[in-house]
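S.K.: Next comes input-v4.txt, compact mmCIF, C-alpha atoms:
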# COMPACT_ATOMS: atom_id res chain seq x y z
CA MET A 26 115.32 121.73 75.10
CA ALA A 27 114.24 120.05 78.34
CA ARG A 28 112.86 116.53 78.04
CA PRO A 29 109.13 116.25 78.88
CA LEU A 30 108.39 115.11 82.40
CA PRO A 31 107.62 111.40 82.84
CA LEU A 32 103.95 110.48 82.84
CA SER A 33 104.38 109.06 86.35
CA THR A 34 105.58 112.47 87.55
CA LEU A 35 102.59 114.28 86.03
CA LEU A 36 100.24 111.74 87.59
CA SER A 37 101.96 112.22 90.94
CA PHE A 38 101.65 116.02 90.82
CA THR A 39 97.90 115.76 90.25
CA LEU A 40 97.21 112.98 92.76
CA VAL A 41 99.31 114.60 95.50
CA ALA A 42 97.65 117.98 94.97
CA PHE A 43 94.17 116.49 95.16
CA THR A 44 95.16 114.58 98.30
CA ILE A 45 96.57 117.61 100.09
CA GLU A 46 93.50 119.71 99.30
CA PHE A 47 91.27 116.85 100.49
CA ASP A 48 93.35 116.37 103.65
CA ASN A 49 93.27 120.09 104.49
CA GLU A 50 89.48 120.11 104.31
CA VAL A 51 89.13 116.96 106.40
CA GLU A 52 91.48 118.40 109.02
CA HIS A 53 89.35 121.55 109.16
CA ARG A 54 86.03 119.73 109.57
CA LEU A 55 86.65 116.63 111.68
CA PRO A 56 87.86 116.24 115.29
CA HIS A 57 91.39 114.85 115.44
CA ARG A 58 94.77 115.10 117.15
CA THR A 59 98.25 115.61 115.73
CA SER A 60 101.86 115.18 116.83
CA ASP A 61 102.23 118.87 117.73
CA GLY A 62 99.66 118.47 120.51
CA GLY A 63 96.72 119.77 118.53
CA GLY A 64 93.29 118.36 119.36
CA PRO A 65 91.89 116.49 122.36
CA ALA A 66 93.61 113.31 123.51
CA SER A 67 90.36 111.37 122.98
CA ALA A 68 90.21 112.27 119.26
CA PRO A 69 91.66 109.95 116.62
CA TRP A 70 95.06 110.57 115.05
CA LEU A 71 94.76 112.57 111.83
CA ILE A 72 95.05 110.43 108.69
CA SER A 73 95.37 111.11 104.99
CA MET A 74 93.15 110.17 102.06
CA ALA A 75 94.92 106.88 101.32
CA MET A 76 93.84 105.52 104.71
CA TYR A 77 90.22 106.13 103.74
CA PHE A 78 90.40 104.64 100.25
CA ASN A 79 92.55 101.65 101.17
CA PHE A 80 91.03 100.92 104.56
CA LEU A 81 88.28 102.90 106.24
CA GLN A 82 85.73 102.86 103.42
CA PHE A 83 85.62 99.04 103.55
CA VAL A 84 84.92 98.62 107.29
CA PRO A 85 81.20 98.34 108.11
CA GLU A 86 79.88 99.06 111.59
CA GLN A 87 79.15 95.37 112.16
CA GLY A 88 82.73 94.47 111.29
CA ILE A 89 84.76 92.65 108.67
CA THR A 90 87.41 89.97 109.05
CA VAL A 91 91.05 90.85 108.55
CA ARG A 92 91.19 88.37 105.66
CA GLU A 93 88.16 89.86 103.90
CA LEU A 94 89.40 93.41 104.47
CA GLU A 95 92.68 92.56 102.76
CA ARG A 96 90.77 90.97 99.87
CA GLN A 97 88.50 93.96 99.35
CA THR A 98 91.22 96.59 99.62
CA ALA A 99 93.51 94.73 97.16
CA THR A 100 96.47 95.78 99.30
CA ARG A 101 97.90 95.22 102.76
CA PRO A 102 95.86 97.58 104.95
CA ASN A 103 97.39 99.23 107.97
CA TRP A 104 94.82 97.77 110.34
CA ASP A 105 97.16 97.86 113.33
CA GLY A 106 97.86 101.58 112.87
CA MET A 107 94.20 102.33 112.37
CA ARG A 108 93.47 100.52 115.63
CA ARG A 109 96.10 102.45 117.57
CA TRP A 110 94.94 105.75 116.11
CA GLY A 111 91.35 105.23 117.29
CA TYR A 112 89.46 104.35 114.11
CA VAL A 113 88.75 100.64 114.58
CA PHE A 114 88.59 97.82 117.09
CA LEU A 115 90.34 94.55 116.36
CA ALA A 116 89.22 91.46 118.28
CA PRO A 117 88.06 87.85 117.80
CA ASP A 118 84.50 87.43 116.59
CA PRO A 119 82.36 86.93 119.71
CA LYS A 120 80.41 84.29 117.77
CA ASP A 121 83.61 82.29 117.20
CA LEU A 122 83.82 79.85 120.11
CA ARG A 123 87.32 78.59 119.35
CA PRO A 124 89.79 79.40 122.16
CA ARG A 125 92.39 80.94 119.83
CA PRO A 126 91.00 81.77 116.38
CA PRO A 127 93.59 82.86 113.80
CA GLN A 128 94.04 86.61 113.54
CA ALA A 129 93.02 86.54 109.87
CA GLU A 130 89.52 85.72 111.12
CA TRP A 131 89.38 88.43 113.77
CA LEU A 132 86.86 91.22 113.24
CA VAL A 133 87.80 94.79 112.38
CA ARG A 134 85.03 97.20 113.44
CA THR A 135 84.78 100.96 113.30
CA THR A 136 84.73 103.05 116.47
CA ALA A 137 82.29 105.92 116.82
CA GLN A 138 85.13 108.25 115.79
CA GLY A 139 85.92 106.01 112.85
CA ARG A 140 82.34 106.30 111.62
CA VAL A 141 82.53 110.09 111.91
CA PHE A 142 85.62 110.07 109.67
CA GLN A 143 84.02 107.62 107.23
CA GLU A 144 81.04 109.87 106.68
CA GLY A 145 83.08 113.08 106.74
CA MET A 146 85.60 111.87 104.17
CA ARG A 147 82.82 110.49 102.00
CA ARG A 148 81.24 113.95 101.91
CA VAL A 149 84.47 115.84 101.27
CA LEU A 150 85.50 113.73 98.26
CA PRO A 151 82.93 114.98 95.68
CA GLU A 152 83.28 118.51 97.02
CA ILE A 153 86.98 118.64 96.15
CA GLU A 154 86.36 117.27 92.67
CA GLN A 155 83.66 119.93 92.20
CA ARG A 156 86.13 122.62 93.31
CA TRP A 157 88.51 121.40 90.63
CA ARG A 158 85.80 121.63 88.01
CA GLU A 159 85.05 125.20 89.05
CA ARG A 160 88.73 126.11 89.20
CA PHE A 161 90.04 124.42 86.06
CA GLY A 162 86.84 124.01 84.04
CA ASP A 163 84.60 121.04 83.30
CA ALA A 164 86.30 120.47 79.95
CA ALA A 165 89.75 120.10 81.54
CA ILE A 166 88.55 117.63 84.17
CA GLU A 167 86.51 115.62 81.68
CA SER A 168 89.50 115.45 79.34
CA LEU A 169 91.63 114.19 82.21
CA ARG A 170 89.05 111.60 83.22
CA ARG A 171 88.72 110.31 79.64
CA GLY A 172 92.48 109.93 79.33
CA LEU A 173 92.78 108.14 82.67
CA ILE A 174 89.92 105.78 81.81
CA ALA A 175 91.47 104.98 78.43
CA MET A 176 94.74 103.98 80.11
CA LEU A 177 93.12 102.19 83.03
CA ARG A 178 91.22 99.96 80.61
CA THR A 179 94.57 98.62 79.35
CA LEU A 180 95.78 97.71 82.86
CA PRO A 181 95.02 94.55 84.84
CA GLY A 182 92.02 94.77 87.15
CA GLY A 183 92.17 94.42 90.91
CA LEU A 184 94.24 97.54 91.61
CA PRO A 185 93.54 99.31 94.93
CA ASP A 186 91.65 102.59 95.14
CA CYS A 187 94.71 104.60 96.21
CA MET A 188 98.48 104.25 96.23
CA PRO A 189 99.41 101.52 98.71
CA ILE A 190 101.69 102.08 101.67
CA LEU A 191 105.26 101.73 100.43
CA HIS A 192 106.99 98.58 101.63
CA TYR A 193 110.61 97.61 102.20
CA GLY A 194 112.84 99.58 99.86
CA LEU A 195 109.89 101.97 99.34
CA THR A 196 108.54 99.66 96.66
CA SER A 197 104.92 99.64 95.49
CA GLU A 198 103.08 96.37 95.94
CA GLY A 199 100.45 95.27 93.47
CA PRO A 200 97.38 93.17 94.26
CA LYS A 201 97.79 89.46 94.92
CA GLU A 202 95.05 88.66 92.44
CA ARG A 203 94.75 90.53 89.17
CA GLY A 204 91.51 90.45 87.25
CA ASP A 205 90.39 91.57 83.83
CA PRO A 206 90.64 95.29 83.01
CA ALA A 207 87.70 97.34 84.23
CA SER A 208 84.92 98.14 81.79
CA GLU A 209 84.31 101.69 80.63
CA SER A 210 81.14 101.94 82.71
CA GLU A 211 82.96 100.71 85.84
CA CYS A 212 85.74 103.24 85.28
CA GLY A 213 83.22 106.02 84.75
CA ASP A 214 81.90 105.60 88.28
CA LEU A 215 85.33 106.00 89.89
CA ALA A 216 86.36 109.17 91.70
CA LEU A 217 89.12 111.23 90.10
CA PRO A 218 91.80 110.35 92.70
CA VAL A 219 91.00 106.64 92.30
CA LEU A 220 91.57 106.91 88.54
CA LEU A 221 94.83 108.77 89.11
CA ALA A 222 96.09 106.28 91.69
CA ARG A 223 95.25 103.16 89.71
CA VAL A 224 96.89 104.46 86.55
CA LEU A 225 99.98 105.61 88.46
CA LEU A 226 100.26 102.29 90.29
CA GLY A 227 99.89 100.36 87.04
CA LEU A 228 102.72 102.36 85.49
CA THR A 229 104.81 101.98 88.64
CA LEU A 230 104.46 98.19 88.64
CA GLU A 231 105.50 98.19 84.98
CA PHE A 232 108.70 100.05 85.92
CA GLU A 233 109.53 98.17 89.10
CA GLN A 234 109.21 94.69 87.63
CA ASP A 235 112.76 94.92 86.24
CA ALA A 236 114.23 97.93 88.07
CA GLN A 237 116.99 97.79 90.68
CA MET A 238 115.39 100.52 92.78
CA SER A 239 111.84 101.65 93.50
CA LEU A 240 110.27 104.46 91.50
CA ALA A 241 109.63 106.35 94.75
CA ILE A 242 113.35 106.47 95.55
CA CYS A 243 114.43 107.12 91.96
CA SER A 244 111.95 109.93 91.29
CA ASN A 245 112.18 111.73 94.62
CA ILE A 246 115.73 111.13 95.84
CA VAL A 247 118.11 109.83 93.17
CA ARG A 248 116.78 112.42 90.71
CA VAL A 249 117.76 115.42 92.88
CA LEU A 250 121.20 114.27 94.03
CA ASP A 251 124.14 116.19 92.62
CA PRO A 252 126.80 113.86 91.15
CA ASP A 253 129.39 115.52 93.39
CA GLU A 254 127.64 116.23 96.70
CA THR A 255 124.23 117.15 98.12
CA LEU A 256 123.47 118.48 101.58
CA VAL A 257 120.83 116.33 103.29
CA ARG A 258 119.05 119.43 104.59
CA HIS A 259 118.49 120.61 101.01
CA ILE A 260 116.73 117.44 99.84
CA PRO A 261 113.26 118.22 101.31
CA ALA A 262 113.02 121.44 99.31
CA LEU A 263 114.38 119.78 96.17
CA SER A 264 112.08 116.76 96.35
CA GLY A 265 108.92 117.97 98.09
CA VAL A 266 108.95 115.01 100.51
CA SER A 267 109.44 114.85 104.28
CA LYS A 268 112.67 114.38 106.22
CA ASP A 269 111.40 111.04 107.50
CA ALA A 270 110.80 109.68 104.00
CA ILE A 271 114.19 110.98 102.89
CA ALA A 272 115.91 109.29 105.83
CA MET A 273 114.30 105.96 104.92
CA ALA A 274 115.33 106.30 101.28
CA LEU A 275 118.91 107.33 102.04
CA GLY A 276 119.29 104.47 104.50
CA PHE A 277 118.23 101.99 101.83
CA LEU A 278 120.46 103.58 99.17
CA GLU A 279 123.45 103.56 101.51
CA LYS A 280 122.88 99.94 102.51
CA ARG A 281 122.83 98.96 98.82
CA GLY A 282 126.01 100.89 98.04
CA PHE A 283 124.50 103.63 95.87
CA VAL A 284 125.34 106.55 98.18
CA GLU A 285 127.59 107.47 101.07
CA VAL A 286 126.23 109.72 103.79
CA VAL A 287 128.99 111.81 105.40
CA SER A 288 128.28 112.61 109.03
CA GLN A 289 128.03 116.14 110.40
CA GLU A 290 131.40 115.75 112.10
CA GLN A 291 133.07 115.13 108.75
CA ALA A 292 131.10 117.73 106.78
CA ARG A 293 131.08 121.17 108.41
CA ARG A 294 128.09 122.36 106.39
CA GLY A 295 125.92 119.48 107.61
CA ARG A 296 125.35 115.86 106.63
CA MET A 297 126.15 115.28 102.99
CA VAL A 298 125.14 112.66 100.42
CA LEU A 299 127.73 111.43 97.93
CA LEU A 300 126.74 109.25 94.98
CA THR A 301 128.94 106.22 94.48
CA SER A 302 129.84 105.05 90.98
CA ALA A 303 126.90 102.63 91.17
CA GLY A 304 124.63 105.49 92.23
CA ILE A 305 125.78 107.69 89.35
CA GLN A 306 125.09 104.84 86.93
CA MET A 307 121.61 104.29 88.37
CA GLN A 308 120.90 108.03 88.13
CA ARG A 309 121.73 107.84 84.44
CA ASP A 310 119.86 104.60 83.76
CA TYR A 311 116.54 104.92 85.57
CA PRO A 312 115.03 107.65 83.32
CA LEU A 313 115.53 105.39 80.30
CA ARG A 314 113.95 102.45 82.10
CA LEU A 315 111.04 104.65 83.08
CA ARG A 316 110.57 105.81 79.48
CA ILE A 317 110.55 102.17 78.31
CA ALA A 318 107.88 101.31 80.87
CA GLU A 319 105.85 104.32 79.80
CA GLU A 320 106.19 103.40 76.13
CA ARG A 321 104.85 99.91 76.84
CA CYS A 322 101.80 101.43 78.49
CA LYS A 323 101.34 103.94 75.68
CA ALA A 324 101.56 101.22 73.05
CA ARG A 325 98.65 99.36 74.62
CA MET A 326 96.69 102.58 74.99
CA GLY A 327 97.30 104.03 71.52
CA PRO A 328 99.16 107.22 70.53
CA GLU A 329 96.12 109.50 70.28
CA ALA A 330 94.71 108.61 73.71
CA SER A 331 98.12 108.72 75.39
CA SER A 332 98.86 112.12 73.90
CA ALA A 333 95.50 113.44 75.13
CA LEU A 334 96.19 112.15 78.65
CA ARG A 335 99.61 113.76 78.75
CA GLY A 336 98.18 117.05 77.51
CA ALA A 337 95.48 117.05 80.18
CA LEU A 338 98.01 116.34 82.93
CA GLU A 339 100.49 118.92 81.69
CA SER A 340 97.85 121.65 81.59
CA LEU A 341 97.00 121.03 85.25
CA GLY A 342 100.37 120.12 86.70
CA GLY A 343 102.78 122.32 84.78
CA ASP A 344 106.29 121.75 86.11
CA GLY A 345 105.07 120.87 89.60
CA THR A 346 106.55 123.96 91.26
CA ARG A 347 104.74 126.66 93.20
CA GLU A 348 105.53 129.16 90.44
CA GLY A 349 104.81 126.89 87.50
CA SER A 350 101.88 124.66 88.48
CA PRO A 351 98.19 125.65 88.54
CA LEU A 352 97.68 122.88 91.10
CA PHE A 353 99.13 125.09 93.83
CA GLN A 354 96.05 127.32 93.65
CA GLY A 355 94.23 125.05 96.08
CA LEU A 356 97.06 124.01 98.37
CA ASP A 357 97.37 126.85 100.86
CA PRO A 358 96.38 125.40 104.26
CA ARG A 359 94.01 127.01 106.71
CA PRO A 360 95.80 128.97 109.47
CA GLU A 361 94.96 126.34 112.10
CA GLY A 362 96.15 123.41 109.96
CA TRP A 363 99.37 121.54 110.64
CA ARG A 364 100.71 122.37 107.18
CA ALA A 365 100.48 126.08 108.04
CA LYS A 366 103.05 125.48 110.79
CA VAL A 367 105.73 124.01 108.53
CA ARG A 368 107.67 125.44 105.62
CA PRO A 369 105.43 125.51 102.52
CA PRO A 370 106.65 123.22 99.73
CA SER A 371 108.21 124.72 96.65
CA THR A 372 107.50 121.62 94.55
CA LEU A 373 105.14 118.67 94.50
CA PRO A 374 106.69 115.20 94.88
CA HIS A 375 107.55 113.35 91.69
CA PHE A 376 106.09 110.25 93.34
CA PRO A 377 103.71 109.90 96.31
CA MET A 378 105.55 108.87 99.49
CA VAL A 379 102.72 107.03 101.28
CA LEU A 380 104.12 105.70 104.57
CA HIS A 381 102.70 103.98 107.67
CA ARG A 382 102.70 107.36 109.41
CA GLY A 383 99.13 108.13 108.36
CA GLY A 384 99.41 107.81 104.58
CA PHE A 385 100.23 111.44 103.76
CA PRO A 386 101.40 111.79 100.13
CA ASP A 387 104.70 113.51 100.97
CA GLY A 388 105.65 111.13 103.79
CA SER A 389 104.82 113.68 106.53
Would you put the structure from the file into structure tokens?
M.R.:
Amino acid sequence: MARPLPLSTLLSFTLVAFTIEFDNEVEHRLPHRTSDGGGPASAPWLISMAMYFNFLQFVPEQGITVRELERQTATRPNWDGMRRWGYVFLAPDPKDLRPRPPQAEWLVRTTAQGRVFQEGMRRVLPEIEQRWRERFGDAAIESLRRGLIAMLRTLPGGLPDCMPILHYGLTSEGPKERGDPASESECGDLALPVLLARVLLGLTLEFEQDAQMSLAICSNIVRVLDPDETLVRHIPALSGVSKDAIAMALGFLEKRGFVEVVSQEQARRGRMVLLTSAGIQMQRDYPLRLRIAEERCKARMGPEASSALRGALESLGGDGTREGSPLFQGLDPRPEGWRAKVRPPSTLPHFPMVLHRGGFPDGS
């Protein structure tokens, strides 16, 4: 009998699916440009939901200092990327008469395009949650929300509103300052993806505090590698994450001695990944470490509430594949969308791969 999927995996399935459906709708409604040449050059670069929750929603038209933005977001925001992509300005406060004020006190202000995206994303968010209620039923969504709130109330406060951009080694960074757990009324006001992200990040930090490798790499890459050999070109379909994210993960694994990547000249069928003895041992060990982290969270939450949360996630996420997950019902892109131009995924990622490339949940 197959072992139940980790709670972090079920949370990832649900959060990634919500994000992709949200992103597809934003792409359809708002002016933007993409790497394939789509959209006018004057439009901002298309971004994903994480860039709204962990950045754009906090920037008022009159501006906010870099220091205050980092405090409010509870993570390291990608303010430089958001500037280059056309969403914000970054400059010294004109009221600050010092010749060279520190950059932490510079002002971040939205552009006209940034304000369009702020308002557009704010409108799309409740619409997607309402779609889910119509698709899966109010009872299913309410059960999920209750379970997420019950777990979130056992976690430290101060967590960001969405999964943070993964840092060196594709690790997840927690907030610098942790507060008391949120009250039930505070949790009740949170959007569904915020609840999902905070619970997933709390569980991730529990795992990564004593793990030798990030949960993103373990869940998406180490998990799918064959002990003998794996063709690099097969990993995107096996993991549900982009080639760029896979390249970053493999580079880190190779540098740490967990894999060897055989070049195309040596492997006629294409570049190949070979697990070293250390990699094989990590592949065996990390699921146990993840179960221990999950058990610690469940113990604080209580068996009844944790069982209800798992049941709600399993009913929505299934096994995370196109054939076995109800979540795929809302993931077909519009014909003009960039996801319609790439191979459709056969599985959802087992962990969100949020990178500096716009914050898309599969590292695209």
S.K.: Taking all atoms listed in the file into account, which of A:Leu256, A:Ala207, A:Leu36, A:Leu71 comes nearest A:Ser389?
M.R.: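 Of the candidates, the smallest distance to A:Ser389 is held by A:Leu71.
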S.K.: Report, in Å with one decimal, the straight-line distance from atom CA of A:Pro85 to atom CA of A:Phe47.
M.R.: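 Going from atom CA of A:Pro85 over to atom CA of A:Phe47, I get 22.4 Å.
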S.K.: Please produce, as a tab-separated table, a per-residue contact table for stretch 42-161 of chain A versus stretch 353-368 of chain A (criterion: any atom at most 8 Å away, all atoms listed in the file considered), showing the nearest atom pair and its distance in Å to one decimal, sorted by chain then residue number.
M.R.:
residue	atom	partner	partner_atom	distance
A:Ala42	CA	A:Leu356	CA	6.9
A:Ile45	CA	A:Leu356	CA	6.6
A:Glu46	CA	A:Leu356	CA	5.7
A:Asn49	CA	A:Pro358	CA	6.2
A:Glu52	CA	A:Gly362	CA	6.9
A:His53	CA	A:Gly362	CA	7.1
A:Thr59	CA	A:Trp363	CA	7.9
S.K.: Okay, now the selection with C-alpha atoms, as a compact mmCIF listing (two decimals), keeping the file's coordinate frame?
M.R.:
# COMPACT_ATOMS: atom_id res chain seq x y z
CA ALA A 42 97.65 117.98 94.97
CA ILE A 45 96.57 117.61 100.09
CA GLU A 46 93.50 119.71 99.30
CA ASN A 49 93.27 120.09 104.49
CA GLU A 52 91.48 118.40 109.02
CA HIS A 53 89.35 121.55 109.16
CA THR A 59 98.25 115.61 115.73
S.K.: For A:Lys323, list every protein, DNA or RNA residue within 8 Å, evaluated using only C-alpha atoms, and leave out those in the same chain fewer than 5 positions away; present the list as a PDB file with C-alpha atoms, keeping the file's coordinate frame.
M.R.:
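Final output, selection_25.pdb:
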ATOM      1  CA  MET A 176      94.740 103.980  80.110  1.00  0.00           C
ATOM      2  CA  PRO A 328      99.160 107.220  70.530  1.00  0.00           C
ATOM      3  CA  SER A 331      98.120 108.720  75.390  1.00  0.00           C
TER       4      SER A 331
END
S.K.: Would you mind telling me which residue in A:Phe142, A:Phe43, A:Phe232, A:Phe385 lies nearest to A:Tyr112 when using all atoms listed in the file?
M.R.: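 Distance minimum relative to A:Tyr112 lands on A:Phe142.
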S.K.: Which protein, DNA or RNA residues are at most 7 Å from (88.1, 97.9, 111.0) in the file's coordinates when you count all atoms listed in the file, listed as a list of chain:residue names?
M.R.: A:Leu81, A:Val84, A:Gly88, A:Ile89, A:Trp104, A:Val113, A:Phe114, A:Leu115, A:Val133, A:Arg134, A:Thr135
S.K.: Which residues, written as a list in words, have at least one atom at most 7 Å from A:Thr90, with all atoms listed in the file counted and residues fewer than 3 positions away on the same chain left out?
M.R.: Glu93, Leu94, Ala129, Glu130, Trp131, Leu132 and Val133 of chain A
S.K.: Which residues are near A:Pro200? Cut-off 12 Å, all atoms listed in the file, ignore same chain within fewer than 5 positions. Put them as a VMD selection string.
M.R.: chain A and resid 79 95 to 102 181 to 189 223 226 to 227 230
S.K.: Can you list, as an NGL selection string, every protein, DNA or RNA residue that comes within 10 Å of A:Pro56 when you count only C-alpha atoms, leaving out same-chain residues fewer than 6 positions away?
M.R.: :A and (64-65 or 67-71 or 138 or 141-142)
S.K.: Please measure the separation of atom CA of A:His375 and atom CA of A:Arg347, giving the value in Å to one decimal.
M.R.: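 Atom-to-atom, atom CA of A:His375 to atom CA of A:Arg347, that is 13.7 Å.
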S.K.: May I ask which of the residues A:Arg170, A:Arg58, A:Arg309, A:Arg314 is the closest one to A:Pro252, counting only C-alpha atoms?
M.R.: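 The closest residue to A:Pro252 is A:Arg309.
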S.K.: Edge lengths and centre in Å to one decimal, as JSON, of the axis-aligned box that encloses all listed atoms of stretch 37-49 of chain A with 4 Å added on every side?
M.R.:
{"center_x": 96.6, "center_y": 116.2, "center_z": 97.4, "size_x": 18.7, "size_y": 15.9, "size_z": 22.2}
S.K.: Rounded to one decimal place, report the atom CA of A:Glu329-atom CA of A:Arg316 distance in Å.
M.R.: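 If I compute the distance from atom CA of A:Glu329 to atom CA of A:Arg316, I get 17.5 Å.
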S.K.: For stretch 47-69 of chain A, where the input has fewer atoms than it should, I would like N, CA and C atoms rebuilt and written as a PDB file, in the coordinates of the input.
M.R.:
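Produced file part09.pdb, reproduced below:
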ATOM      1  N   PHE A  47      92.237 117.687  99.773  1.00  0.00           N
ATOM      2  CA  PHE A  47      91.270 116.850 100.490  1.00  0.00           C
ATOM      3  C   PHE A  47      91.633 116.779 101.969  1.00  0.00           C
ATOM      4  N   ASP A  48      92.901 116.503 102.263  1.00  0.00           N
ATOM      5  CA  ASP A  48      93.350 116.370 103.650  1.00  0.00           C
ATOM      6  C   ASP A  48      93.149 117.670 104.433  1.00  0.00           C
ATOM      7  N   ASN A  49      93.444 118.803 103.811  1.00  0.00           N
ATOM      8  CA  ASN A  49      93.270 120.090 104.490  1.00  0.00           C
ATOM      9  C   ASN A  49      91.815 120.313 104.887  1.00  0.00           C
ATOM     10  N   GLU A  50      90.903 119.921 104.015  1.00  0.00           N
ATOM     11  CA  GLU A  50      89.480 120.110 104.310  1.00  0.00           C
ATOM     12  C   GLU A  50      89.011 119.158 105.405  1.00  0.00           C
ATOM     13  N   VAL A  51      89.483 117.925 105.350  1.00  0.00           N
ATOM     14  CA  VAL A  51      89.130 116.960 106.400  1.00  0.00           C
ATOM     15  C   VAL A  51      89.664 117.425 107.745  1.00  0.00           C
ATOM     16  N   GLU A  52      90.896 117.905 107.769  1.00  0.00           N
ATOM     17  CA  GLU A  52      91.480 118.400 109.020  1.00  0.00           C
ATOM     18  C   GLU A  52      90.651 119.541 109.597  1.00  0.00           C
ATOM     19  N   HIS A  53      90.143 120.400 108.717  1.00  0.00           N
ATOM     20  CA  HIS A  53      89.350 121.550 109.160  1.00  0.00           C
ATOM     21  C   HIS A  53      88.006 121.110 109.755  1.00  0.00           C
ATOM     22  N   ARG A  54      87.400 120.084 109.202  1.00  0.00           N
ATOM     23  CA  ARG A  54      86.030 119.730 109.570  1.00  0.00           C
ATOM     24  C   ARG A  54      85.911 118.723 110.721  1.00  0.00           C
ATOM     25  N   LEU A  55      86.854 117.777 110.798  1.00  0.00           N
ATOM     26  CA  LEU A  55      86.650 116.630 111.680  1.00  0.00           C
ATOM     27  C   LEU A  55      87.544 116.685 112.908  1.00  0.00           C
ATOM     28  N   PRO A  56      87.044 116.242 114.067  1.00  0.00           N
ATOM     29  CA  PRO A  56      87.860 116.240 115.290  1.00  0.00           C
ATOM     30  C   PRO A  56      89.018 115.251 115.168  1.00  0.00           C
ATOM     31  N   HIS A  57      90.197 115.678 115.607  1.00  0.00           N
ATOM     32  CA  HIS A  57      91.390 114.850 115.440  1.00  0.00           C
ATOM     33  C   HIS A  57      92.475 115.356 116.384  1.00  0.00           C
ATOM     34  N   ARG A  58      93.577 114.628 116.444  1.00  0.00           N
ATOM     35  CA  ARG A  58      94.770 115.100 117.150  1.00  0.00           C
ATOM     36  C   ARG A  58      95.983 114.899 116.253  1.00  0.00           C
ATOM     37  N   THR A  59      97.031 115.679 116.517  1.00  0.00           N
ATOM     38  CA  THR A  59      98.250 115.610 115.730  1.00  0.00           C
ATOM     39  C   THR A  59      99.463 115.573 116.636  1.00  0.00           C
ATOM     40  N   SER A  60     100.636 115.357 116.054  1.00  0.00           N
ATOM     41  CA  SER A  60     101.860 115.180 116.830  1.00  0.00           C
ATOM     42  C   SER A  60     102.302 116.451 117.532  1.00  0.00           C
ATOM     43  N   ASP A  61     101.830 117.614 117.086  1.00  0.00           N
ATOM     44  CA  ASP A  61     102.230 118.870 117.730  1.00  0.00           C
ATOM     45  C   ASP A  61     101.341 119.208 118.930  1.00  0.00           C
ATOM     46  N   GLY A  62     100.517 118.252 119.345  1.00  0.00           N
ATOM     47  CA  GLY A  62      99.660 118.470 120.510  1.00  0.00           C
ATOM     48  C   GLY A  62      98.307 119.044 120.180  1.00  0.00           C
ATOM     49  N   GLY A  63      98.013 119.217 118.902  1.00  0.00           N
ATOM     50  CA  GLY A  63      96.720 119.770 118.530  1.00  0.00           C
ATOM     51  C   GLY A  63      95.609 118.765 118.689  1.00  0.00           C
ATOM     52  N   GLY A  64      94.468 119.201 119.223  1.00  0.00           N
ATOM     53  CA  GLY A  64      93.290 118.360 119.360  1.00  0.00           C
ATOM     54  C   GLY A  64      93.241 117.615 120.676  1.00  0.00           C
ATOM     55  N   PRO A  65      92.040 117.218 121.092  1.00  0.00           N
ATOM     56  CA  PRO A  65      91.890 116.490 122.360  1.00  0.00           C
ATOM     57  C   PRO A  65      92.504 115.106 122.293  1.00  0.00           C
ATOM     58  N   ALA A  66      92.968 114.618 123.444  1.00  0.00           N
ATOM     59  CA  ALA A  66      93.610 113.310 123.510  1.00  0.00           C
ATOM     60  C   ALA A  66      92.655 112.182 123.129  1.00  0.00           C
ATOM     61  N   SER A  67      91.347 112.408 123.299  1.00  0.00           N
ATOM     62  CA  SER A  67      90.360 111.370 122.980  1.00  0.00           C
ATOM     63  C   SER A  67      90.064 111.273 121.485  1.00  0.00           C
ATOM     64  N   ALA A  68      90.485 112.263 120.702  1.00  0.00           N
ATOM     65  CA  ALA A  68      90.210 112.270 119.260  1.00  0.00           C
ATOM     66  C   ALA A  68      91.159 111.327 118.538  1.00  0.00           C
ATOM     67  N   PRO A  69      90.772 110.836 117.371  1.00  0.00           N
ATOM     68  CA  PRO A  69      91.660 109.950 116.620  1.00  0.00           C
ATOM     69  C   PRO A  69      92.822 110.714 115.986  1.00  0.00           C
TER      70      PRO A  69
END
